[in-house]
file structure-v9.txt (compact mmCIF, C-alpha atoms and all ligand atoms)
# COMPACT_ATOMS: atom_id res chain seq x y z
CA MET A 25 0.00 0.00 0.00
CA ALA A 26 1.23 3.49 -0.85
CA ARG A 27 2.47 5.51 2.08
CA HIS A 28 0.32 8.51 1.15
CA THR A 29 -2.96 8.72 -0.76
CA ILE A 30 -3.47 12.20 -2.15
CA THR A 31 -6.33 13.67 -4.19
CA ILE A 32 -5.23 15.33 -7.42
CA ILE A 33 -7.56 17.68 -9.28
CA PRO A 34 -5.87 18.23 -12.67
CA GLY A 35 -7.83 21.42 -13.35
CA ASP A 36 -8.91 23.36 -16.44
CA GLY A 37 -6.96 25.18 -19.16
CA VAL A 38 -3.25 24.56 -18.65
CA GLY A 39 -4.07 22.63 -15.45
CA PRO A 40 -3.81 19.05 -16.77
CA GLU A 41 -0.38 19.70 -18.37
CA LEU A 42 0.93 21.40 -15.22
CA SER A 43 -0.49 18.67 -12.97
CA ALA A 44 1.13 15.94 -15.07
CA ALA A 45 4.54 17.62 -14.88
CA ALA A 46 4.18 18.40 -11.16
CA CYS A 47 3.09 14.85 -10.22
CA ARG A 48 5.99 13.40 -12.23
CA ALA A 49 8.47 15.63 -10.39
CA ILE A 50 6.92 14.84 -6.98
CA ASP A 51 6.97 11.09 -7.74
CA ALA A 52 10.62 11.38 -8.81
CA THR A 53 11.57 12.35 -5.24
CA GLY A 54 10.83 8.71 -4.41
CA VAL A 55 8.00 9.45 -1.99
CA ASP A 56 5.39 6.71 -2.27
CA ILE A 57 2.16 8.45 -3.29
CA SER A 58 -1.01 6.96 -4.70
CA TRP A 59 -2.78 9.78 -6.59
CA GLU A 60 -6.57 9.70 -6.55
CA VAL A 61 -7.57 11.63 -9.68
CA HIS A 62 -10.78 13.67 -9.53
CA ASN A 63 -11.95 16.16 -12.11
CA ALA A 64 -13.77 19.37 -11.27
CA GLY A 65 -14.41 22.69 -12.98
CA LEU A 66 -15.34 23.75 -16.49
CA GLY A 67 -14.44 20.44 -18.16
CA VAL A 68 -16.76 18.49 -15.88
CA MET A 69 -19.53 21.04 -16.25
CA GLU A 70 -19.38 20.98 -20.04
CA GLU A 71 -19.89 17.23 -19.94
CA GLY A 72 -23.25 18.06 -18.42
CA GLY A 73 -22.29 17.68 -14.83
CA ASN A 74 -21.82 19.55 -11.63
CA PRO A 75 -18.52 21.54 -11.69
CA LEU A 76 -17.87 20.37 -8.15
CA PRO A 77 -19.02 16.72 -7.92
CA PRO A 78 -19.54 15.49 -4.34
CA GLU A 79 -16.95 12.72 -4.82
CA VAL A 80 -14.23 15.40 -5.15
CA ILE A 81 -15.06 16.78 -1.72
CA GLU A 82 -15.43 13.25 -0.29
CA SER A 83 -12.01 12.27 -1.64
CA ILE A 84 -10.30 15.31 -0.10
CA ARG A 85 -12.09 14.77 3.23
CA ARG A 86 -10.96 11.13 3.21
CA ASN A 87 -7.35 11.73 2.15
CA LYS A 88 -6.97 15.04 4.05
CA VAL A 89 -4.54 16.31 1.39
CA ALA A 90 -5.10 17.49 -2.19
CA LEU A 91 -3.02 18.99 -4.96
CA LYS A 92 -5.11 21.08 -7.31
CA GLY A 93 -4.64 22.56 -10.76
CA PRO A 94 -6.32 25.88 -11.57
CA LEU A 95 -10.06 25.83 -12.25
CA THR A 96 -11.79 28.14 -14.71
CA THR A 97 -14.76 30.03 -13.35
CA PRO A 98 -17.41 29.69 -16.09
CA LEU A 99 -18.76 33.11 -17.00
CA GLY A 100 -22.47 33.82 -17.22
CA THR A 101 -23.61 30.56 -15.63
CA GLY A 102 -24.50 31.83 -12.22
CA ILE A 103 -21.61 29.84 -10.75
CA ARG A 104 -19.49 32.21 -8.72
CA SER A 105 -16.27 30.26 -8.49
CA VAL A 106 -15.56 26.56 -8.07
CA ASN A 107 -12.37 27.55 -6.23
CA VAL A 108 -14.31 29.61 -3.71
CA ALA A 109 -16.89 26.80 -3.38
CA LEU A 110 -14.13 24.24 -2.69
CA ARG A 111 -12.57 26.43 -0.02
CA ARG A 112 -15.98 27.00 1.54
CA GLU A 113 -17.10 23.33 1.47
CA LEU A 114 -13.88 22.23 3.15
CA ASP A 115 -13.70 25.30 5.40
CA LEU A 116 -10.16 25.98 4.19
CA PHE A 117 -9.85 29.11 6.26
CA ALA A 118 -6.15 29.88 5.85
CA LEU A 119 -4.35 30.50 2.58
CA VAL A 120 -0.56 30.50 2.94
CA ARG A 121 1.49 31.99 0.14
CA PRO A 122 5.26 31.96 0.52
CA LEU A 123 7.05 34.74 -1.34
CA LYS A 124 10.55 33.46 -1.82
CA SER A 125 12.97 34.56 -4.50
CA TYR A 126 15.48 32.21 -6.08
CA PRO A 127 18.67 33.37 -7.80
CA GLY A 128 18.11 33.55 -11.54
CA VAL A 129 14.49 34.71 -11.55
CA ARG A 130 13.52 37.81 -13.52
CA SER A 131 12.77 40.27 -10.74
CA ARG A 132 13.72 43.70 -9.46
CA PHE A 133 14.15 42.15 -6.00
CA GLU A 134 16.60 39.74 -4.40
CA ASN A 135 16.53 37.67 -1.22
CA ILE A 136 12.80 37.91 -0.64
CA ASP A 137 11.60 35.42 1.95
CA LEU A 138 8.14 36.31 3.23
CA ILE A 139 4.94 34.47 4.07
CA VAL A 140 1.45 35.85 3.47
CA VAL A 141 -1.31 34.25 5.51
CA ARG A 142 -4.68 35.24 4.08
CA GLU A 143 -7.99 34.72 5.86
CA ASN A 144 -10.06 32.81 3.34
CA THR A 145 -13.68 32.85 4.50
CA GLU A 146 -14.79 36.40 5.31
CA ASP A 147 -14.37 40.02 4.28
CA LEU A 148 -15.67 41.47 1.00
CA TYR A 149 -14.94 38.03 -0.48
CA ALA A 150 -17.77 36.46 1.54
CA GLY A 151 -19.98 36.93 -1.52
CA ILE A 152 -22.77 38.80 0.25
CA GLU A 153 -23.77 41.11 -2.56
CA PHE A 154 -26.77 43.32 -3.25
CA THR A 155 -27.43 44.13 -6.89
CA GLU A 156 -28.19 47.72 -7.82
CA GLY A 157 -31.91 48.43 -8.12
CA GLU A 158 -33.20 45.15 -6.69
CA PRO A 159 -35.93 45.36 -4.01
CA GLY A 160 -33.67 43.80 -1.34
CA THR A 161 -30.98 46.38 -2.07
CA LEU A 162 -33.44 49.26 -1.77
CA GLU A 163 -34.68 47.78 1.50
CA LEU A 164 -31.11 47.60 2.80
CA ILE A 165 -30.50 51.21 1.77
CA ALA A 166 -33.63 52.26 3.66
CA LEU A 167 -32.48 50.24 6.70
CA ILE A 168 -29.07 51.90 6.67
CA GLU A 169 -30.73 55.29 6.56
CA ARG A 170 -32.99 54.36 9.46
CA LEU A 171 -30.32 52.77 11.65
CA LYS A 172 -27.35 54.94 10.82
CA GLY A 173 -28.86 58.14 9.51
CA ARG A 174 -26.64 57.77 6.43
CA THR A 175 -27.76 58.17 2.86
CA VAL A 176 -26.61 55.60 0.34
CA ARG A 177 -27.40 56.56 -3.26
CA ALA A 178 -30.45 54.65 -4.49
CA ASP A 179 -28.60 53.46 -7.60
CA SER A 180 -25.87 51.71 -5.57
CA GLY A 181 -24.80 48.08 -5.55
CA ILE A 182 -23.58 46.93 -2.13
CA SER A 183 -21.03 44.32 -1.01
CA ILE A 184 -20.94 43.36 2.64
CA LYS A 185 -17.69 43.03 4.58
CA PRO A 186 -18.13 40.73 7.59
CA ILE A 187 -15.14 40.18 9.90
CA SER A 188 -15.83 38.10 13.00
CA ILE A 189 -13.99 37.62 16.29
CA GLY A 190 -14.05 33.82 15.85
CA ALA A 191 -12.57 33.74 12.34
CA THR A 192 -9.98 36.36 13.27
CA GLN A 193 -8.88 34.41 16.36
CA ARG A 194 -8.64 31.27 14.25
CA ILE A 195 -6.47 32.84 11.51
CA PHE A 196 -4.09 34.53 13.97
CA ARG A 197 -3.67 31.36 16.05
CA PHE A 198 -2.94 29.56 12.79
CA ALA A 199 -0.42 32.22 11.70
CA PHE A 200 1.42 32.31 15.04
CA GLN A 201 1.56 28.52 15.10
CA TRP A 202 2.85 28.51 11.49
CA ALA A 203 5.52 31.00 12.55
CA LEU A 204 6.54 28.79 15.49
CA ASP A 205 6.56 25.57 13.46
CA ASN A 206 8.55 27.12 10.62
CA GLY A 207 11.19 29.04 12.54
CA ARG A 208 9.74 32.49 11.81
CA HIS A 209 10.17 35.36 14.25
CA LEU A 210 7.68 38.13 13.40
CA VAL A 211 3.95 38.29 12.66
CA THR A 212 2.54 41.50 11.15
CA ALA A 213 -1.22 42.14 11.18
CA VAL A 214 -2.29 44.04 8.06
CA HIS A 215 -5.45 46.15 8.23
CA LYS A 216 -7.18 49.47 7.60
CA ALA A 217 -8.33 49.88 11.19
CA ASN A 218 -8.08 53.66 11.07
CA ILE A 219 -10.98 53.82 8.61
CA MET A 220 -12.98 50.59 9.05
CA LYS A 221 -13.11 50.49 12.83
CA ASP A 222 -15.83 47.86 13.18
CA THR A 223 -14.23 45.31 10.87
CA ASP A 224 -10.50 45.96 10.50
CA GLY A 225 -10.50 47.55 13.95
CA LEU A 226 -11.89 44.31 15.37
CA TRP A 227 -9.29 42.38 13.34
CA LEU A 228 -6.46 44.39 14.88
CA ARG A 229 -7.85 44.17 18.42
CA VAL A 230 -8.18 40.37 18.19
CA ALA A 231 -4.72 40.10 16.59
CA ARG A 232 -3.22 41.94 19.57
CA GLU A 233 -5.05 39.65 22.00
CA ILE A 234 -3.88 36.47 20.26
CA SER A 235 -0.32 37.79 20.05
CA GLN A 236 -0.23 37.63 23.88
CA GLU A 237 -0.57 33.84 23.63
CA TYR A 238 2.68 33.66 21.62
CA PRO A 239 5.34 35.63 23.51
CA GLN A 240 8.09 33.80 21.55
CA ILE A 241 7.01 35.57 18.34
CA GLU A 242 7.31 39.31 17.81
CA PHE A 243 4.17 41.12 16.71
CA ASN A 244 3.47 44.40 14.96
CA ASP A 245 0.86 45.81 12.59
CA ARG A 246 0.74 47.88 9.43
CA ILE A 247 -2.01 49.75 7.62
CA VAL A 248 -2.48 48.05 4.25
CA ASP A 249 -1.53 51.06 2.12
CA ASN A 250 1.66 51.56 4.12
CA MET A 251 2.28 47.79 3.96
CA SER A 252 2.18 47.97 0.15
CA MET A 253 4.87 50.62 0.13
CA GLN A 254 6.94 48.92 2.81
CA LEU A 255 6.82 45.66 0.87
CA VAL A 256 8.60 47.16 -2.11
CA GLN A 257 10.89 49.46 -0.10
CA ASN A 258 11.85 47.38 2.94
CA PRO A 259 10.76 43.79 2.40
CA GLU A 260 13.58 42.53 4.65
CA MET A 261 11.81 44.09 7.66
CA TYR A 262 8.89 41.65 7.40
CA ASP A 263 8.37 37.95 7.89
CA VAL A 264 4.82 36.56 8.26
CA MET A 265 2.07 38.98 7.22
CA VAL A 266 -1.55 38.16 8.10
CA MET A 267 -4.31 39.77 6.05
CA PRO A 268 -8.05 39.75 5.58
CA ASN A 269 -9.22 38.14 2.35
CA LEU A 270 -9.22 41.08 -0.10
CA TYR A 271 -5.91 42.67 0.94
CA GLY A 272 -4.41 39.17 0.83
CA ASP A 273 -5.66 38.67 -2.72
CA ILE A 274 -4.08 41.90 -3.90
CA LEU A 275 -0.82 41.79 -1.95
CA THR A 276 -0.07 38.17 -2.89
CA ASP A 277 -0.12 39.16 -6.56
CA LEU A 278 2.17 42.08 -5.72
CA GLY A 279 4.36 39.55 -3.93
CA ALA A 280 4.25 37.18 -6.91
CA GLY A 281 5.58 40.06 -9.02
CA MET A 282 8.40 40.56 -6.53
CA ILE A 283 9.57 36.95 -6.74
CA GLY A 284 9.47 36.54 -10.51
CA GLY A 285 5.84 36.21 -11.51
CA LEU A 286 2.83 33.93 -11.36
CA GLY A 287 4.78 31.10 -12.98
CA ILE A 288 6.50 30.29 -9.68
CA ALA A 289 4.12 31.57 -6.96
CA ALA A 290 2.92 28.67 -4.80
CA GLY A 291 0.12 28.36 -2.29
CA ALA A 292 -1.54 26.16 0.31
CA ASN A 293 -5.05 26.24 1.76
CA PHE A 294 -5.53 24.86 5.27
CA GLY A 295 -8.63 23.91 7.23
CA ASP A 296 -9.00 21.82 10.37
CA GLY A 297 -7.15 18.64 9.43
CA VAL A 298 -7.45 19.24 5.65
CA ALA A 299 -5.00 20.90 3.27
CA MET A 300 -5.19 21.72 -0.42
CA PHE A 301 -2.14 22.88 -2.34
CA GLU A 302 -2.39 25.01 -5.48
CA ALA A 303 -0.51 27.64 -7.47
CA THR A 304 -1.52 31.29 -7.20
CA HIS A 305 -2.18 31.58 -10.94
CA GLY A 306 -5.34 30.66 -12.83
CA SER A 307 -6.00 28.34 -15.76
CA ALA A 308 -4.40 30.63 -18.41
CA PRO A 309 -6.83 29.24 -21.03
CA LYS A 310 -5.05 30.93 -23.95
CA TYR A 311 -2.06 28.59 -23.39
CA ALA A 312 -4.07 25.37 -22.91
CA ASN A 313 -2.75 22.30 -24.76
CA GLN A 314 0.30 24.18 -26.04
CA ASN A 315 2.93 22.74 -23.69
CA LYS A 316 3.82 26.34 -22.87
CA ALA A 317 2.86 27.30 -19.29
CA ASN A 318 5.26 27.14 -16.37
CA PRO A 319 4.67 24.15 -14.06
CA MET A 320 7.00 25.49 -11.35
CA ALA A 321 4.29 27.21 -9.27
CA MET A 322 2.50 23.89 -9.02
CA MET A 323 5.78 22.11 -8.27
CA PHE A 324 6.59 24.61 -5.50
CA SER A 325 3.07 23.97 -4.17
CA GLY A 326 4.11 20.31 -4.24
CA VAL A 327 7.14 21.23 -2.10
CA LEU A 328 4.76 22.73 0.48
CA MET A 329 2.62 19.60 0.25
CA LEU A 330 5.59 17.29 0.84
CA ARG A 331 6.52 19.29 3.94
CA HIS A 332 2.93 19.10 5.16
CA ILE A 333 2.83 15.29 4.89
CA GLY A 334 6.11 15.02 6.79
CA GLU A 335 8.36 14.31 3.79
CA GLU A 336 10.84 17.08 4.64
CA ASP A 337 13.80 15.50 2.91
CA ALA A 338 11.92 15.03 -0.38
CA ALA A 339 10.61 18.60 -0.09
CA ASP A 340 14.14 19.96 0.37
CA ARG A 341 15.43 17.95 -2.58
CA LEU A 342 12.60 19.05 -4.88
CA GLU A 343 13.09 22.69 -3.83
CA ARG A 344 16.84 22.45 -4.51
CA ALA A 345 16.19 20.86 -7.92
CA LEU A 346 13.78 23.67 -8.84
CA ALA A 347 16.30 26.27 -7.64
CA LEU A 348 18.99 24.63 -9.77
CA VAL A 349 16.87 24.66 -12.95
CA ILE A 350 15.96 28.32 -12.29
CA ALA A 351 19.59 29.31 -11.63
CA GLU A 352 20.81 27.57 -14.80
CA GLY A 353 18.06 29.35 -16.78
CA ARG A 354 18.21 26.91 -19.70
CA SER A 355 15.22 24.61 -19.28
CA VAL A 356 12.68 27.23 -18.26
CA THR A 357 9.44 28.41 -19.87
CA TYR A 358 9.01 31.69 -21.75
CA ASP A 359 7.99 33.66 -18.68
CA MET A 360 11.34 33.01 -16.95
CA LYS A 361 13.55 33.94 -19.88
CA PRO A 362 15.05 37.46 -20.03
CA LYS A 363 12.73 38.20 -22.96
CA ARG A 364 9.25 36.70 -23.28
CA ASP A 365 9.76 35.82 -26.96
CA ASP A 366 13.08 34.05 -26.30
CA PRO A 367 13.24 31.15 -28.80
CA THR A 368 15.22 29.01 -26.33
CA ALA A 369 12.24 28.78 -23.94
CA VAL A 370 11.17 25.18 -23.36
CA GLY A 371 7.74 23.73 -22.74
CA THR A 372 5.86 22.49 -19.67
CA SER A 373 6.88 18.85 -19.97
CA GLN A 374 10.55 19.74 -20.68
CA VAL A 375 10.63 21.69 -17.41
CA GLY A 376 9.33 18.51 -15.78
CA ASP A 377 12.18 16.51 -17.38
CA ALA A 378 14.76 19.11 -16.31
CA VAL A 379 13.56 19.17 -12.69
CA ILE A 380 13.64 15.36 -12.54
CA GLU A 381 17.15 15.38 -13.99
CA ALA A 382 18.21 18.06 -11.49
CA LEU A 383 16.79 15.94 -8.63
CA GLY A 384 19.42 13.39 -9.55
CA ARG A 385 22.18 16.02 -9.37
CA SER A 386 21.07 18.16 -6.43
CA GLY A 387 21.57 15.42 -3.82
P1 LIG A 401 -4.36 33.48 -15.05
O1 LIG A 401 -3.47 33.38 -13.86
O2 LIG A 401 -4.95 32.21 -15.54
O3 LIG A 401 -3.56 34.09 -16.25
C1 LIG A 401 -3.08 35.41 -16.33
C2 LIG A 401 -1.83 35.45 -17.21
O4 LIG A 401 -0.72 35.07 -16.40
C3 LIG A 401 -1.84 34.42 -18.35
O5 LIG A 401 -2.46 34.89 -19.49
C4 LIG A 401 -0.37 34.18 -18.54
O6 LIG A 401 0.18 35.22 -19.30
C5 LIG A 401 0.17 34.27 -17.14
N1 LIG A 401 0.28 32.95 -16.48
C6 LIG A 401 -0.55 32.43 -15.55
N2 LIG A 401 -0.11 31.24 -15.17
C7 LIG A 401 1.01 30.98 -15.86
C8 LIG A 401 1.91 29.90 -15.91
N3 LIG A 401 1.77 28.81 -15.14
N4 LIG A 401 2.95 29.96 -16.76
C9 LIG A 401 3.15 31.04 -17.53
N5 LIG A 401 2.33 32.10 -17.54
C10 LIG A 401 1.27 32.09 -16.72
O7 LIG A 401 -5.50 34.55 -14.68
P2 LIG A 401 -6.85 34.93 -15.44
O8 LIG A 401 -6.59 35.01 -16.91
O9 LIG A 401 -7.36 36.10 -14.73
O10 LIG A 401 -7.84 33.72 -15.13
C11 LIG A 401 -8.10 32.63 -16.01
C12 LIG A 401 -9.09 31.69 -15.33
O11 LIG A 401 -8.47 31.12 -14.17
C13 LIG A 401 -10.37 32.37 -14.84
O12 LIG A 401 -11.47 31.53 -15.11
C14 LIG A 401 -10.17 32.50 -13.35
O13 LIG A 401 -11.38 32.48 -12.65
C15 LIG A 401 -9.35 31.25 -13.05
N6 LIG A 401 -8.53 31.37 -11.82
C16 LIG A 401 -8.42 30.24 -11.08
C17 LIG A 401 -7.62 30.23 -9.95
C18 LIG A 401 -7.53 28.98 -9.15
O14 LIG A 401 -7.86 27.91 -9.64
N7 LIG A 401 -7.08 29.06 -7.91
C19 LIG A 401 -6.89 31.38 -9.60
C20 LIG A 401 -6.99 32.52 -10.40
C21 LIG A 401 -7.82 32.49 -11.53

call {"tool": "encode", "arguments": {"input": "structure-v9.txt", "output": "structure tokens", "more": "lines below"}}
Ligand code: NAD
result
Amino acid sequence: MARHTITIIPGDGVGPELSAAACRAIDATGVDISWEVHNAGLGVMEEGGNPLPPEVIESIRRNKVALKGPLTTPLGTGIRSVNVALRRELDLFALVRPLKSYPGVRSRFENIDLIVVRENTEDLYAGIEFTEGEPGTLELIALIERLKGRTVRADSGISIKPISIGATQRIFRFAFQWALDNGRHLVTAVHKANIMKDTDGLWLRVAREISQEYPQIEFNDRIVDNMSMQLVQNPEMYDVMVMPNLYGDILTDLGAGMIGGLGIAAGANFGDGVAMFEATHGSAPKYANQNKANPMAMMFSGVLMLRHIGEEDAADRLERALALVIAEGRSVTYDMKPKRDDPTAVGTSQVGDAVIEALGRSG
């Protein structure tokens, strides 16, 4: 019997090519994994089915670990996002995105080594929306006027931003524990508490309370606009940054730009006893079936997955192999070449071959 059984969702667009290359590289570390393949997303829906079949969720619940390719959100179908639905079904409340730069990447920055922990269930991302002009929206506008004495223009759409004590405690306990488990020294709470006192203000208050439970870890906070500037001016002053959902969405893309682009930005979603690993990027449909997209973000997500399942040595070796291929700069996709139209760029599966070959050399 395999040592680990892991759910793999190949994904839409470039997903299946990236998943194939990533699984090959992970298998080449020698870790004994039995992959349970489950499809979800646009492909499944077009075959007349549910984009998130119940057996996908059941498989992840059973195996407790999943690696996932990007899923396309079908437009105009009323389906908000299969990714959001997956996170919600499994209550994957924490999204961890390491921002680590490797020598050889195309970036204006060097020696970046940061972690973003993003709260995944609340904030403006909660999906509580009121469409402009609908009766419910007009009722809400009237209620706001009555309760708060504030006028909201009648032709407004409204998105609700809930931030709760419980979810904020949970994400900060997770972040401090992550810091402890991974040898990190500082946790920074990111917020806009000066303006949104009842939501971000609550976030900051709870963050301060939870920080008392972890005296071994330093704690500070930054207002999100200042954090954005600090990130590009003084990234070395930060370590683990914890953000509500929307700021996390924006700043992780900023961070991806700092470490060389979406092609290498990895991620991991955690719930209670369940973890799902996926790249930051989407399904890049324009590159589907062209053997063109960069599988490294999914492979780096695989590195995080190997660490999570206790295969530290394999994780270190895969990370070193990826770093070697990046540093050599030969067998990399178009997005990692000095110029995007570089004719020496290789394809997705060739990156897979190169990483497997480097695994043999990197010890
Ligand atoms: P995207 O990340 O798919 O692509 C944006 C651009 O980034 C691409 O056109 C390409 O130039 C580049 N890019 C992305 N990944 C790359 C890779 N691995 N290698 C090289 N270049 C890469 O974002 P989008 O176009 O906004 O979204 C496309 C679809 O993906 C949408 O349906 C969206 O909902 C979905 N999406 C899914 C996830 C997820 O599954 N977690 C995340 C983001 C977007």

call {"tool": "residues_near_ligand", "arguments": {"input": "structure-v9.txt", "ligand": "ligand LIG 401 (chain A)", "cutoff": "6 Å", "atoms": "all atoms listed in the file", "output": "number ranges by chain"}}
result
A: 94-97, 107, 286-287, 304-308, 317-319, 359

call {"tool": "closest_residue", "arguments": {"input": "structure-v9.txt", "among": "A:Asn313, A:Thr212, A:Thr192, A:Ser43", "to": "Met261 in chain A", "atoms": "all atoms listed in the file"}}
result
A:Thr212

call {"tool": "atom_distance", "arguments": {"input": "structure-v9.txt", "atom1": "CA of Ala289 in chain A", "atom2": "CA of Ile187 in chain A"}}
result
27.0 Å

call {"tool": "closest_residue", "arguments": {"input": "structure-v9.txt", "among": "A:Ala382, A:Val68, A:Ile288, A:Val38", "to": "Met360 in chain A", "atoms": "only C-alpha atoms"}}
result
A:Ile288

call {"tool": "residues_around", "arguments": {"input": "structure-v9.txt", "residues": "Ala178 in chain A", "least_positions_apart": "2", "cutoff": "10 Å", "atoms": "only C-alpha atoms", "output": "count of residues only"}}
result
10

call {"tool": "residues_around", "arguments": {"input": "structure-v9.txt", "residues": "Ser58 in chain A", "least_positions_apart": "4", "cutoff": "8 Å", "atoms": "only C-alpha atoms", "output": "MDAnalysis selection string"}}
result
chainID A and resid 26:30

call {"tool": "atom_distance", "arguments": {"input": "structure-v9.txt", "atom1": "CA of Lys185 in chain A", "atom2": "CA of Glu146 in chain A"}}
result
7.3 Å

call {"tool": "axis_aligned_box", "arguments": {"input": "structure-v9.txt", "around": "range 267-282 of chain A", "padding_each_side": "8 Å", "output": "JSON"}}
result
{"center_x": -0.4, "center_y": 39.9, "center_z": -1.5, "size_x": 33.6, "size_y": 21.5, "size_z": 31.1}

call {"tool": "closest_atom_pairs", "arguments": {"input": "structure-v9.txt", "of": "range 280-379 of chain A", "to": "range 252-260 of chain A", "cutoff": "12 Å", "atoms": "all atoms listed in the file", "output": "Markdown table"}}
result
| residue | atom | partner | partner_atom | distance |
| --- | --- | --- | --- | --- |
| A:Ala280 | CA | A:Leu255 | CA | 11.8 |
| A:Gly281 | CA | A:Val256 | CA | 10.4 |
| A:Met282 | CA | A:Val256 | CA | 7.9 |
| A:Ile283 | CA | A:Val256 | CA | 11.3 |

call {"tool": "closest_residue", "arguments": {"input": "structure-v9.txt", "among": "A:Met322, A:Ile182, A:Val140, A:Val211", "to": "Ile274 in chain A", "atoms": "all atoms listed in the file"}}
result
A:Val140

call {"tool": "atom_distance", "arguments": {"input": "structure-v9.txt", "atom1": "CA of Gly128 in chain A", "atom2": "CA of Glu352 in chain A"}}
result
7.3 Å

call {"tool": "closest_residue", "arguments": {"input": "structure-v9.txt", "among": "A:Asn144, A:Thr155, A:Thr276, A:Thr372", "to": "Leu110 in chain A", "atoms": "all atoms listed in the file"}}
result
A:Asn144

call {"tool": "closest_residue", "arguments": {"input": "structure-v9.txt", "among": "A:Ile184, A:Leu270, A:Ala321, A:Ala52", "to": "Gly291 in chain A", "atoms": "only C-alpha atoms"}}
result
A:Ala321

call {"tool": "build_atoms", "arguments": {"input": "structure-v9.txt", "residues": "range 135-140 of chain A", "atoms": "all heavy atoms", "output": "short mmCIF file (atom, residue, chain, number, x, y, z; two decimals), in the coordinates of the input"}}
result
data_model
loop_
_atom_site.label_atom_id
_atom_site.label_comp_id
_atom_site.auth_asym_id
_atom_site.auth_seq_id
_atom_site.Cartn_x
_atom_site.Cartn_y
_atom_site.Cartn_z
N ASN A 135 16.60 38.13 -2.62
CA ASN A 135 16.53 37.67 -1.22
C ASN A 135 15.19 37.94 -0.54
O ASN A 135 15.16 38.30 0.63
CB ASN A 135 17.64 38.33 -0.38
CG ASN A 135 19.00 38.02 -0.93
OD1 ASN A 135 19.23 36.91 -1.40
ND2 ASN A 135 19.90 38.99 -0.92
N ILE A 136 14.12 37.79 -1.27
CA ILE A 136 12.80 37.91 -0.64
C ILE A 136 12.47 36.58 0.03
O ILE A 136 12.65 35.52 -0.57
CB ILE A 136 11.71 38.22 -1.70
CG1 ILE A 136 12.04 39.49 -2.48
CG2 ILE A 136 10.32 38.31 -1.06
CD1 ILE A 136 11.98 40.74 -1.69
N ASP A 137 12.02 36.64 1.27
CA ASP A 137 11.60 35.42 1.95
C ASP A 137 10.49 35.78 2.94
O ASP A 137 10.75 36.04 4.12
CB ASP A 137 12.80 34.77 2.66
CG ASP A 137 12.42 33.41 3.22
OD1 ASP A 137 11.31 32.93 2.93
OD2 ASP A 137 13.24 32.84 3.98
N LEU A 138 9.28 35.86 2.44
CA LEU A 138 8.14 36.31 3.23
C LEU A 138 7.03 35.28 3.14
O LEU A 138 6.99 34.47 2.21
CB LEU A 138 7.61 37.63 2.66
CG LEU A 138 8.57 38.82 2.66
CD1 LEU A 138 8.09 39.90 1.70
CD2 LEU A 138 8.68 39.38 4.07
N ILE A 139 6.13 35.35 4.10
CA ILE A 139 4.94 34.47 4.07
C ILE A 139 3.71 35.37 4.20
O ILE A 139 3.65 36.20 5.11
CB ILE A 139 4.93 33.49 5.26
CG1 ILE A 139 6.18 32.62 5.31
CG2 ILE A 139 3.66 32.64 5.27
CD1 ILE A 139 6.21 31.48 4.34
N VAL A 140 2.75 35.20 3.28
CA VAL A 140 1.45 35.85 3.47
C VAL A 140 0.47 34.80 3.96
O VAL A 140 0.36 33.72 3.35
CB VAL A 140 0.93 36.48 2.16
CG1 VAL A 140 -0.49 37.01 2.38
CG2 VAL A 140 1.83 37.61 1.70
#
